[in-house]
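J.: This is protein-v6.csv (CSV, C-alpha atoms).
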```csv
chain,number,residue,atom,x,y,z
M,871,MET,CA,41.6,128.5,73.9
M,872,LYS,CA,42.0,129.1,77.7
M,873,ARG,CA,42.9,125.5,78.2
M,874,ILE,CA,45.6,125.7,75.4
M,875,LEU,CA,47.1,128.8,77.0
M,876,PHE,CA,47.1,127.1,80.4
M,877,LEU,CA,48.9,124.1,79.1
M,878,ILE,CA,51.6,126.3,77.4
M,879,PHE,CA,52.0,128.2,80.7
M,880,LEU,CA,52.2,124.9,82.6
M,881,SER,CA,54.9,123.6,80.2
M,882,VAL,CA,57.1,126.7,80.6
M,883,TYR,CA,56.7,126.6,84.4
M,884,THR,CA,57.5,122.9,84.5
M,885,PHE,CA,60.7,123.1,82.4
M,886,SER,CA,62.0,126.4,83.5
M,887,VAL,CA,63.3,126.9,87.1
M,888,GLU,CA,64.8,129.8,89.0
M,889,TYR,CA,68.5,129.4,89.8
M,890,LYS,CA,71.4,131.5,91.1
M,891,TYR,CA,75.1,131.3,90.5
M,892,ILE,CA,77.0,130.3,93.6
M,893,GLU,CA,80.5,129.8,92.2
M,894,LYS,CA,82.3,130.7,88.9
M,895,TYR,CA,85.4,128.9,87.7
M,896,GLU,CA,88.2,130.7,85.9
M,897,GLU,CA,91.5,129.6,84.5
M,898,PRO,CA,94.5,130.4,86.8
M,899,ASN,CA,95.9,133.9,86.3
M,900,LYS,CA,98.8,134.2,88.8
M,901,SER,CA,101.6,136.6,88.0
M,902,ASN,CA,104.2,134.1,89.1
M,903,LEU,CA,102.8,131.1,87.1
M,904,GLU,CA,103.8,130.4,83.5
M,905,PHE,CA,103.0,127.5,81.2
M,906,GLU,CA,105.3,125.5,78.9
M,907,GLU,CA,104.0,125.3,75.4
M,908,GLY,CA,102.0,122.1,75.1
M,909,TYR,CA,101.9,121.5,78.9
M,910,ASN,CA,98.3,120.1,78.6
M,911,LYS,CA,98.7,118.2,75.4
M,912,TYR,CA,97.8,114.9,77.1
M,913,SER,CA,95.2,116.1,79.5
M,914,PRO,CA,92.0,118.2,79.7
M,915,LYS,CA,92.5,121.7,78.1
M,916,PHE,CA,91.0,123.4,81.2
M,917,SER,CA,91.8,123.6,84.9
M,918,HIS,CA,88.3,123.1,86.3
M,919,TYR,CA,86.3,120.1,85.3
M,920,VAL,CA,84.0,117.4,86.4
M,921,PHE,CA,84.5,113.6,86.1
M,922,THR,CA,81.4,111.7,85.1
M,923,LYS,CA,80.8,108.7,87.5
M,924,ARG,CA,78.3,107.3,84.9
M,925,ALA,CA,76.6,108.4,81.7
M,926,VAL,CA,75.0,111.8,82.3
M,927,SER,CA,72.5,114.0,80.5
M,928,VAL,CA,73.5,117.6,79.7
M,929,LYS,CA,70.4,119.7,80.2
M,930,LYS,CA,69.5,123.0,78.6
M,931,GLU,CA,68.5,124.3,82.1
M,932,PRO,CA,69.3,123.0,85.6
M,933,ASN,CA,66.2,120.9,85.8
M,934,ASN,CA,65.8,117.1,85.2
M,935,ARG,CA,62.7,117.8,83.0
M,936,SER,CA,64.6,120.2,80.8
M,937,LYS,CA,65.6,119.3,77.2
M,938,THR,CA,68.6,117.0,76.9
M,939,LEU,CA,71.2,118.6,74.7
M,940,LEU,CA,73.5,115.6,74.6
M,941,THR,CA,74.6,112.5,76.7
M,942,VAL,CA,78.1,112.1,77.9
M,943,GLY,CA,79.4,108.6,78.8
M,944,GLY,CA,81.0,107.6,82.1
M,945,ASN,CA,84.6,108.2,83.0
M,946,LYS,CA,84.7,111.4,81.0
M,947,ASN,CA,86.0,114.9,81.9
M,948,ILE,CA,83.9,117.9,81.1
M,949,GLN,CA,84.9,121.6,81.5
M,950,ILE,CA,82.8,123.5,84.1
M,951,ILE,CA,82.4,127.3,84.1
M,952,ALA,CA,80.1,127.7,87.1
M,953,LYS,CA,78.0,126.1,89.8
M,954,VAL,CA,74.3,127.0,90.3
M,955,SER,CA,71.7,126.3,92.9
M,956,THR,CA,68.0,125.8,92.5
M,957,LYS,CA,65.4,125.4,95.2
M,958,HIS,CA,66.0,121.6,95.4
M,959,SER,CA,69.4,120.8,93.9
M,960,LYS,CA,72.8,122.0,92.7
M,961,TRP,CA,74.1,121.8,89.1
M,962,TYR,CA,77.3,122.5,87.2
M,963,GLU,CA,77.2,124.7,84.2
M,964,VAL,CA,79.4,122.9,81.6
M,965,LYS,CA,80.9,123.6,78.2
M,966,ILE,CA,81.4,120.9,75.6
M,967,ASN,CA,82.8,122.4,72.4
M,968,LYS,CA,80.2,125.1,71.6
M,969,ILE,CA,77.4,123.6,73.7
M,970,VAL,CA,76.7,125.1,77.2
M,971,GLY,CA,74.4,123.2,79.5
M,972,PHE,CA,74.0,121.8,83.0
M,973,VAL,CA,74.7,118.5,84.7
M,974,ASN,CA,73.4,117.5,88.1
M,975,GLU,CA,76.0,117.7,90.9
M,976,LYS,CA,75.2,114.2,92.1
M,977,SER,CA,76.2,112.5,88.8
M,978,VAL,CA,79.7,113.9,88.7
M,979,LEU,CA,82.8,114.6,90.8
M,980,LYS,CA,84.4,118.1,90.9
M,981,ARG,CA,88.1,118.0,89.8
M,982,GLU,CA,90.7,120.7,89.1
M,983,PHE,CA,94.4,121.2,88.4
M,984,ASN,CA,95.1,123.1,91.7
M,985,TYR,CA,98.3,125.0,90.8
M,986,GLU,CA,97.7,127.6,93.6
M,987,LYS,CA,97.7,124.8,96.2
M,988,ALA,CA,100.9,123.3,94.7
M,989,ILE,CA,102.7,126.6,94.9
M,990,GLU,CA,101.5,127.1,98.5
M,991,GLU,CA,102.8,123.6,99.4
M,992,ILE,CA,106.2,124.3,97.7
M,993,GLU,CA,106.7,127.6,99.5
M,994,LYS,CA,105.9,125.9,102.9
M,995,LEU,CA,108.4,123.2,102.1
M,996,GLU,CA,111.1,125.6,101.1
M,997,GLU,CA,110.6,127.5,104.4
M,998,PHE,CA,111.1,124.2,106.2
M,999,LEU,CA,114.2,123.2,104.1
M,1000,TYR,CA,116.1,126.4,104.1
M,1001,LYS,CA,115.5,127.3,107.7
M,1002,ASP,CA,118.6,125.2,108.5
M,1003,ILE,CA,119.6,123.2,105.5
M,1004,ASP,CA,122.5,121.5,107.4
M,1005,LYS,CA,119.9,119.6,109.5
M,1006,ILE,CA,118.0,118.2,106.5
M,1007,TYR,CA,118.0,114.5,105.8
M,1008,PHE,CA,115.9,111.9,104.0
M,1009,ILE,CA,114.9,108.4,104.8
M,1010,ASP,CA,116.4,105.5,102.9
M,1011,CYS,CA,114.6,102.2,103.8
M,1012,TYR,CA,113.6,100.7,100.5
M,1013,ALA,CA,113.0,96.9,100.5
M,1014,PRO,CA,112.0,95.5,97.1
M,1015,LEU,CA,108.8,93.4,96.9
M,1016,SER,CA,108.0,94.1,100.6
M,1017,TYR,CA,104.3,93.4,101.4
M,1018,SER,CA,104.7,93.7,105.2
M,1019,SER,CA,101.9,95.6,107.0
M,1020,GLY,CA,103.1,95.8,110.6
M,1021,LEU,CA,101.6,98.7,112.6
M,1022,LYS,CA,98.3,100.1,111.7
M,1023,LYS,CA,97.9,103.4,109.8
M,1024,ASP,CA,99.0,106.6,111.5
M,1025,LYS,CA,96.9,109.8,111.8
M,1026,TYR,CA,97.9,110.8,108.2
M,1027,GLY,CA,96.6,107.5,106.8
M,1028,ASN,CA,100.0,106.2,105.9
M,1029,GLY,CA,100.7,102.5,106.5
M,1030,SER,CA,103.9,101.1,107.8
M,1031,ASN,CA,105.0,99.3,104.6
M,1032,GLN,CA,108.5,100.6,103.5
M,1033,SER,CA,108.7,103.0,106.5
M,1034,ILE,CA,110.4,103.6,109.8
M,1035,THR,CA,108.4,104.4,113.0
M,1036,ALA,CA,108.6,107.6,115.0
M,1037,TYR,CA,106.6,108.7,118.0
M,1038,GLU,CA,105.1,112.0,119.0
M,1039,VAL,CA,107.0,113.6,121.8
M,1040,GLY,CA,105.3,113.0,125.2
M,1041,THR,CA,102.7,110.5,123.7
M,1042,LYS,CA,102.5,107.0,122.4
M,1043,ASP,CA,101.1,108.1,119.0
M,1044,HIS,CA,103.1,106.6,116.2
M,1045,TYR,CA,103.9,107.9,112.7
M,1046,ASN,CA,105.0,105.8,109.8
M,1047,LEU,CA,107.7,107.8,108.0
M,1048,GLN,CA,107.9,106.6,104.5
M,1049,ASP,CA,111.0,105.8,102.5
M,1050,ARG,CA,112.5,109.0,100.9
M,1051,THR,CA,110.6,111.3,103.3
M,1052,ILE,CA,112.4,114.6,104.0
M,1053,LEU,CA,113.0,115.5,107.6
M,1054,SER,CA,115.3,117.6,109.9
M,1055,ILE,CA,117.3,116.3,112.9
M,1056,ASP,CA,117.1,119.0,115.5
M,1057,SER,CA,119.0,117.3,118.3
M,1058,GLU,CA,120.2,114.0,119.6
M,1059,GLU,CA,119.4,112.6,123.1
M,1060,LYS,CA,120.1,109.3,124.8
M,1061,LYS,CA,116.6,108.1,123.9
M,1062,GLY,CA,116.8,109.0,120.3
M,1063,TYR,CA,116.8,111.8,117.7
M,1064,ASN,CA,114.4,114.8,118.0
M,1065,ILE,CA,113.2,115.2,114.4
M,1066,LYS,CA,110.7,117.4,112.5
M,1067,VAL,CA,108.7,116.4,109.4
M,1068,GLN,CA,106.7,119.1,107.7
M,1069,THR,CA,103.1,119.2,108.9
M,1070,TYR,CA,103.8,116.6,111.6
M,1071,PRO,CA,104.1,117.2,115.4
M,1072,GLU,CA,107.5,117.0,117.0
M,1073,LEU,CA,108.8,113.5,116.9
M,1074,ILE,CA,111.3,111.2,118.6
M,1075,LEU,CA,113.1,108.6,116.4
M,1076,ASN,CA,114.9,105.6,117.8
M,1077,LYS,CA,118.7,105.6,117.1
M,1078,LYS,CA,118.4,102.1,115.6
M,1079,TYR,CA,117.3,103.9,112.4
M,1080,LYS,CA,120.6,105.9,112.1
M,1081,LYS,CA,121.6,103.8,109.1
M,1082,ASN,CA,118.4,104.8,107.3
M,1083,LEU,CA,119.1,108.6,107.6
M,1084,LYS,CA,120.9,110.2,104.6
M,1085,LYS,CA,122.1,113.8,104.4
M,1086,LEU,CA,120.4,115.9,101.7
M,1087,GLU,CA,123.3,117.4,99.8
M,1088,LEU,CA,122.5,120.6,97.8
M,1089,ASP,CA,126.0,122.0,97.5
M,1090,GLY,CA,124.8,125.5,98.1
M,1091,LYS,CA,122.1,125.3,95.4
M,1092,PHE,CA,118.3,125.6,95.6
M,1093,ILE,CA,115.8,123.0,94.5
M,1094,THR,CA,114.1,123.9,91.3
M,1095,LYS,CA,112.2,120.8,90.3
M,1096,TYR,CA,108.9,119.7,91.9
M,1097,ILE,CA,106.3,117.1,91.0
M,1098,PHE,CA,102.8,117.6,92.6
M,1099,ILE,CA,100.6,114.6,92.9
M,1100,ASP,CA,97.0,115.4,93.9
M,1101,LYS,CA,95.2,112.3,95.2
M,1102,LYS,CA,91.8,114.0,95.6
M,1103,ASN,CA,91.8,115.2,92.0
M,1104,GLN,CA,93.7,112.2,90.6
M,1105,ASN,CA,96.0,114.4,88.5
M,1106,ILE,CA,99.7,115.4,88.4
M,1107,PHE,CA,101.8,118.3,87.2
M,1108,ALA,CA,105.5,119.2,87.2
M,1109,LEU,CA,106.7,122.7,88.2
M,1110,MET,CA,110.0,124.3,87.7
M,1111,LYS,CA,111.0,127.3,89.9
M,1112,ASP,CA,113.1,130.2,88.8
M,1113,ASN,CA,114.8,131.0,92.1
M,1114,GLU,CA,115.9,134.5,90.8
M,1115,THR,CA,112.4,135.7,90.0
M,1116,GLY,CA,110.3,133.4,92.2
M,1117,ASN,CA,108.2,132.4,89.2
M,1118,PHE,CA,107.0,128.9,88.5
M,1119,ARG,CA,106.7,127.2,85.1
M,1120,VAL,CA,104.2,124.3,84.5
M,1121,ILE,CA,106.2,121.7,82.5
M,1122,ILE,CA,103.5,119.1,81.9
M,1123,ASN,CA,100.3,117.9,83.5
M,1124,GLY,CA,98.2,114.8,83.3
M,1125,LEU,CA,95.6,112.5,84.6
M,1126,ILE,CA,96.6,109.6,87.0
M,1127,THR,CA,95.4,106.8,89.1
M,1128,THR,CA,97.0,106.4,92.5
M,1129,GLY,CA,97.3,103.4,94.8
M,1130,LYS,CA,94.6,101.8,96.9
M,1131,ASN,CA,94.6,99.3,99.8
M,1132,SER,CA,94.2,95.7,98.9
M,1133,LYS,CA,95.6,92.3,99.9
M,1134,TYR,CA,98.7,93.1,97.9
M,1135,GLY,CA,98.5,96.8,97.5
M,1136,PHE,CA,98.7,100.1,99.5
M,1137,GLU,CA,97.5,103.6,99.2
M,1138,THR,CA,100.0,106.1,97.7
M,1139,PRO,CA,101.4,107.7,100.9
M,1140,LEU,CA,101.1,111.4,101.6
M,1141,GLY,CA,104.3,113.4,102.1
M,1142,ASN,CA,107.3,115.1,100.6
M,1143,PHE,CA,109.7,112.7,98.9
M,1144,LEU,CA,113.1,112.9,97.3
M,1145,VAL,CA,113.2,111.1,94.0
M,1146,ALA,CA,115.6,108.1,94.1
M,1147,ILE,CA,116.0,106.9,90.6
M,1148,SER,CA,114.4,106.6,87.2
M,1149,LYS,CA,114.6,103.7,84.7
M,1150,PRO,CA,113.3,103.2,81.2
M,1151,VAL,CA,111.2,100.1,82.0
M,1152,MET,CA,109.7,98.8,85.3
M,1153,THR,CA,108.9,95.1,85.4
M,1154,TYR,CA,106.5,93.7,87.9
M,1155,THR,CA,105.8,90.3,89.3
M,1156,SER,CA,102.8,88.2,90.1
M,1157,ASP,CA,101.1,88.9,93.5
M,1158,ILE,CA,101.1,85.2,94.3
M,1159,ASP,CA,104.6,84.2,92.9
M,1160,THR,CA,107.0,87.2,93.3
M,1161,THR,CA,109.7,85.3,91.4
M,1162,LYS,CA,107.6,85.4,88.2
M,1163,VAL,CA,107.8,88.6,86.1
M,1164,ILE,CA,104.4,89.0,84.3
M,1165,GLY,CA,104.4,92.5,82.9
M,1166,ASP,CA,106.0,96.0,82.7
M,1167,ALA,CA,105.4,99.7,82.4
M,1168,ARG,CA,107.6,102.3,80.6
M,1169,TYR,CA,109.5,105.3,82.1
M,1170,ALA,CA,109.4,104.6,85.8
M,1171,ILE,CA,110.4,107.2,88.5
M,1172,ARG,CA,110.8,105.8,92.1
M,1173,PHE,CA,109.9,108.4,94.7
M,1174,THR,CA,109.0,106.3,97.9
M,1175,GLY,CA,109.4,102.7,98.8
M,1176,GLY,CA,108.2,100.6,95.9
M,1177,ALA,CA,106.0,103.4,94.6
M,1178,TYR,CA,106.9,104.7,91.1
M,1179,LEU,CA,105.5,107.2,88.7
M,1180,HIS,CA,105.2,105.2,85.6
M,1181,GLY,CA,103.4,104.7,82.2
M,1182,ILE,CA,100.5,102.3,81.5
M,1183,PRO,CA,101.2,98.9,82.9
M,1184,SER,CA,100.2,95.7,81.1
M,1185,LEU,CA,100.7,92.0,81.3
M,1186,TYR,CA,102.9,90.3,78.7
M,1187,GLU,CA,100.2,87.7,77.9
M,1188,PRO,CA,98.2,87.4,75.8
M,1189,LYS,CA,100.4,89.2,73.4
M,1190,GLU,CA,97.7,89.7,70.7
M,1191,THR,CA,95.5,91.8,73.1
M,1192,ARG,CA,98.3,93.8,74.8
M,1193,THR,CA,97.8,97.1,72.9
M,1194,GLN,CA,94.0,96.9,73.4
M,1195,ARG,CA,94.4,96.2,77.1
M,1196,LYS,CA,96.8,99.2,77.6
M,1197,LYS,CA,94.2,101.4,76.0
M,1198,ILE,CA,91.5,100.2,78.4
M,1199,THR,CA,93.8,100.9,81.4
M,1200,GLU,CA,94.7,104.3,80.0
M,1201,SER,CA,91.0,105.2,79.7
M,1202,LYS,CA,90.7,104.9,83.5
M,1203,LEU,CA,93.3,107.6,84.2
M,1204,GLY,CA,91.8,110.4,86.3
M,1205,THR,CA,89.0,108.2,87.7
M,1206,TYR,CA,89.7,106.4,91.0
M,1207,PRO,CA,92.7,104.9,92.9
M,1208,LEU,CA,93.5,101.6,91.2
M,1209,SER,CA,97.1,100.7,91.5
M,1210,HIS,CA,99.2,98.7,94.1
M,1211,LYS,CA,100.9,101.9,95.4
M,1212,CYS,CA,102.3,103.5,92.2
M,1213,VAL,CA,101.0,106.4,90.2
M,1214,ARG,CA,100.0,105.6,86.7
M,1215,ASN,CA,100.2,108.1,83.9
M,1216,LYS,CA,100.1,108.2,80.1
M,1217,ASP,CA,103.4,106.9,78.6
M,1218,GLU,CA,103.8,110.3,76.9
M,1219,VAL,CA,103.5,112.3,80.1
M,1220,VAL,CA,106.0,110.1,82.1
M,1221,LYS,CA,108.4,110.2,79.2
M,1222,ILE,CA,108.6,114.0,79.5
M,1223,LEU,CA,109.1,113.8,83.2
M,1224,TYR,CA,111.7,111.0,82.8
M,1225,GLU,CA,113.7,113.1,80.4
M,1226,TRP,CA,113.2,116.3,82.5
M,1227,LEU,CA,114.9,114.6,85.5
M,1228,GLY,CA,118.1,114.2,83.5
M,1229,VAL,CA,121.0,111.9,84.4
M,1230,LYS,CA,123.7,112.5,87.0
M,1231,SER,CA,124.8,108.9,87.0
M,1232,LYS,CA,123.6,105.5,85.7
M,1233,ASN,CA,124.3,101.9,86.9
M,1234,LYS,CA,124.5,98.7,84.8
M,1235,ALA,CA,120.8,98.1,85.4
M,1236,GLY,CA,120.0,101.4,83.7
M,1237,HIS,CA,118.9,103.0,87.0
M,1238,ARG,CA,119.5,106.8,86.6
M,1239,VAL,CA,120.1,109.2,89.5
M,1240,PRO,CA,118.5,112.7,88.6
M,1241,ILE,CA,121.0,115.4,87.6
M,1242,GLU,CA,119.7,117.5,90.5
M,1243,PRO,CA,117.4,116.9,93.5
M,1244,VAL,CA,113.7,116.5,92.5
M,1245,ILE,CA,110.9,116.5,95.2
M,1246,VAL,CA,107.6,114.8,94.8
M,1247,ILE,CA,104.8,116.3,96.9
M,1248,VAL,CA,101.8,114.0,97.5
M,1249,ARG,CA,98.6,115.6,98.9
```
Take the structure in this file and express it as structure tokens.
T.:
Amino acid sequence: MKRILFLIFLSVYTFSVEYKYIEKYEEPNKSNLEFEEGYNKYSPKFSHYVFTKRAVSVKKEPNNRSKTLLTVGGNKNIQIIAKVSTKHSKWYEVKINKIVGFVNEKSVLKREFNYEKAIEEIEKLEEFLYKDIDKIYFIDCYAPLSYSSGLKKDKYGNGSNQSITAYEVGTKDHYNLQDRTILSIDSEEKKGYNIKVQTYPELILNKKYKKNLKKLELDGKFITKYIFIDKKNQNIFALMKDNETGNFRVIINGLITTGKNSKYGFETPLGNFLVAISKPVMTYTSDIDTTKVIGDARYAIRFTGGAYLHGIPSLYEPKETRTQRKKITESKLGTYPLSHKCVRNKDEVVKILYEWLGVKSKNKAGHRVPIEPVIVIVR
């Protein structure tokens, strides 16, 4: 009898561990943040979640020997409500439908829709823009199908593809200022322009780039439309600001994959960019033969260089498997950087953004200039 009681005690001791809550996650509740109806129709229905790097077991308690409540496959997003710590490890408390359990921190990646960060970045940008709006310009140096690498990456990790080069005042440190980057020209000297780019040090830009500097014309109005791309969390959302109340409205959000460095591709650059155009379909060419169009993606919005926000890309051939292949690509949204430089989204999400931009003018190729300035913030 004593032996049976001992085994019962040993079992309870083995499968139950002490733990403490070290962080709790709640949905955003900011007084100046509102949400469009259906804003998260095509994304997780929660702001804080984990992405499963592989199949994971959801445990009843934060203990590998605890009962497994269910198994979740890889590349999935699970709502998290808290983070706990045991003597030897850390776990996320998760909620899947009505089931609450724990997953080991090492088997997942923490993700979130960071609306607070986006609003903070917008407010910093507005302070930069409206301090002296007459000095605000943007860079125009787009070159289609340009794979040039040139100088090495700068301190912000941006490569020199589709960019112009500026140098920090008093040093030899270079910065690759990407196409459509927003900047201010403070003064002009014999050696060049003294410019400022938000978050950068003071820079000097050679006058040979004068042709690449375009005035940002706001006609006395304030910018209201922003798209926030979060590379760390691999997600995106659009915000619209009411400049009378100062409130922001989330129009749509979604999961994405951004660009990565490869022989023919680049990381999606960091910065603040003025949207150039949108178009109903973006075709793309073979990496080896750039004269050969091999596939397309719907609803494309160009925001820097050859980087677009667009729907799910797919090769034309083989035709009979195209729908299936698009579904496989779509299943990877929200995972890791995968594209050549662009930002991939669900077709439905980009369609909403595409229509939200509106049309000020359209050329014969169907390229549409937005009805008002739209800024893409990449962090």
J.: Between CA of Ser959 in chain M and CA of Pro1207 in chain M, what distance in Å does the model show, to one decimal?
T.: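 Atom-to-atom, CA of Ser959 in chain M and CA of Pro1207 in chain M are spaced 28.2 Å apart.
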J.: Quick one: everything within 12 Å of Ile892 in chain M, counting all atoms listed in the file, minus sequence neighbours fewer than 5 positions away in the same chain. Send it as a ChimeraX atom specification.
T.: /M:951-956,960-963
J.: Around (95.3, 98.1, 98.9), as given in the file, which residues come within 10 Å? Count only C-alpha atoms and list them as number ranges by chain.
T.: M: 1129-1138, 1207-1211
J.: Pick the closest to Lys1084 in chain M from M:Ala1036, M:Val1145, M:Val1120, M:Ile1009: which is it, counting all atoms listed in the file?
T.: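 Nearest to Lys1084 in chain M: M:Ile1009.
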J.: Just checking: using only C-alpha atoms, which residue out of M:Tyr985, M:Tyr1224, M:Tyr1063, M:Tyr1026 ends up closest to Ile1099 in chain M?
T.: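 Between M:Tyr985, M:Tyr1224, M:Tyr1063, M:Tyr1026, the residue approaching Ile1099 in chain M most closely is M:Tyr985.
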J.: So which one's closest to Tyr1037 in chain M, M:Lys1101, M:Lys1189, M:Lys1066, M:Arg1050? Using all atoms listed in the file, please.
T.: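 For Tyr1037 in chain M, the nearest of the candidates is M:Lys1066.
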J.: Quick one: pull the distance between CA of Lys968 in chain M and CA of Lys929 in chain M, Å, one decimal.
T.: 14.1 Å
J.: Report as a list of chain:residue names all protein, DNA and RNA residues lying within 6 Å of range 1156-1165 of chain M, evaluated on all atoms listed in the file, omitting residues in the same chain fewer than 2 positions from it.
T.: M:Thr1153, M:Tyr1154, M:Ser1184, M:Leu1185, M:Tyr1186
J.: Do you know which residues are at most 7 Å from Asn910 in chain M counting only C-alpha atoms, after dropping those on the same chain fewer than 3 positions away, and could you put them as a list in words?
T.: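 After dropping sequence-adjacent residues, the list is Ser913, Pro914, Lys915, Ile1122 and Asn1123 of chain M.
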J.: Could you list, as a PyMOL selection string, every residue within 8 Å of range 1168-1178 of chain M, counting all atoms listed in the file and ignoring same-chain residues fewer than 2 positions away?
T.: chain M and resi 1011-1015+1032-1033+1048-1051+1138+1143-1152+1166+1180-1183+1211-1213+1217+1220-1221+1224+1246
J.: Which residue is closest to Glu1200 in chain M? Choose from M:Lys1023, M:Lys1081, M:Lys1216, M:Lys1001 and count all atoms listed in the file.
T.: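 Looking at the shortest contact to Glu1200 in chain M, the residue is M:Lys1216.
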J.: M:Thr1127, M:Asn1064, M:Thr1069, M:Thr1205: which is nearest Lys994 in chain M, counting only C-alpha atoms?
T.: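 Closest candidate: M:Thr1069.
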J.: What is the distance, in Å and to one decimal place, between CA of Arg981 in chain M and CA of Glu1225 in chain M?
T.: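 It comes out at 27.7 Å.
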J.: For Val920 in chain M, which residue out of M:Thr938, M:Asn933, M:Gln1104, M:Ser1030 is the nearest one, using only C-alpha atoms?
T.: M:Gln1104
J.: Counting all atoms listed in the file, which residues come within 6 Å of (95.1, 110.0, 88.6), with the point read in the file's coordinates, and could you list them as a list in words?
T.: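 Neighbouring residues, ordered by chain and number, come to Gln1104, Asn1105, Leu1125, Ile1126, Thr1127, Thr1128, Leu1203 and Gly1204 of chain M.
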J.: Excluding His958 in chain M and any residue of its chain fewer than 5 positions from it, enumerate the residues within 12 Å of it, using all atoms listed in the file, and give them as a short mmCIF file (atom, residue, chain, number, x, y, z; two decimals) with C-alpha atoms, keeping the file's coordinate frame.
T.:
```cif
data_model
loop_
_atom_site.label_atom_id
_atom_site.label_comp_id
_atom_site.auth_asym_id
_atom_site.auth_seq_id
_atom_site.Cartn_x
_atom_site.Cartn_y
_atom_site.Cartn_z
CA VAL M 887 63.30 126.90 87.10
CA GLU M 888 64.80 129.80 89.00
CA TYR M 889 68.50 129.40 89.80
CA PRO M 932 69.30 123.00 85.60
CA ASN M 933 66.20 120.90 85.80
CA ASN M 934 65.80 117.10 85.20
CA ASN M 974 73.40 117.50 88.10
CA GLU M 975 76.00 117.70 90.90
#
```
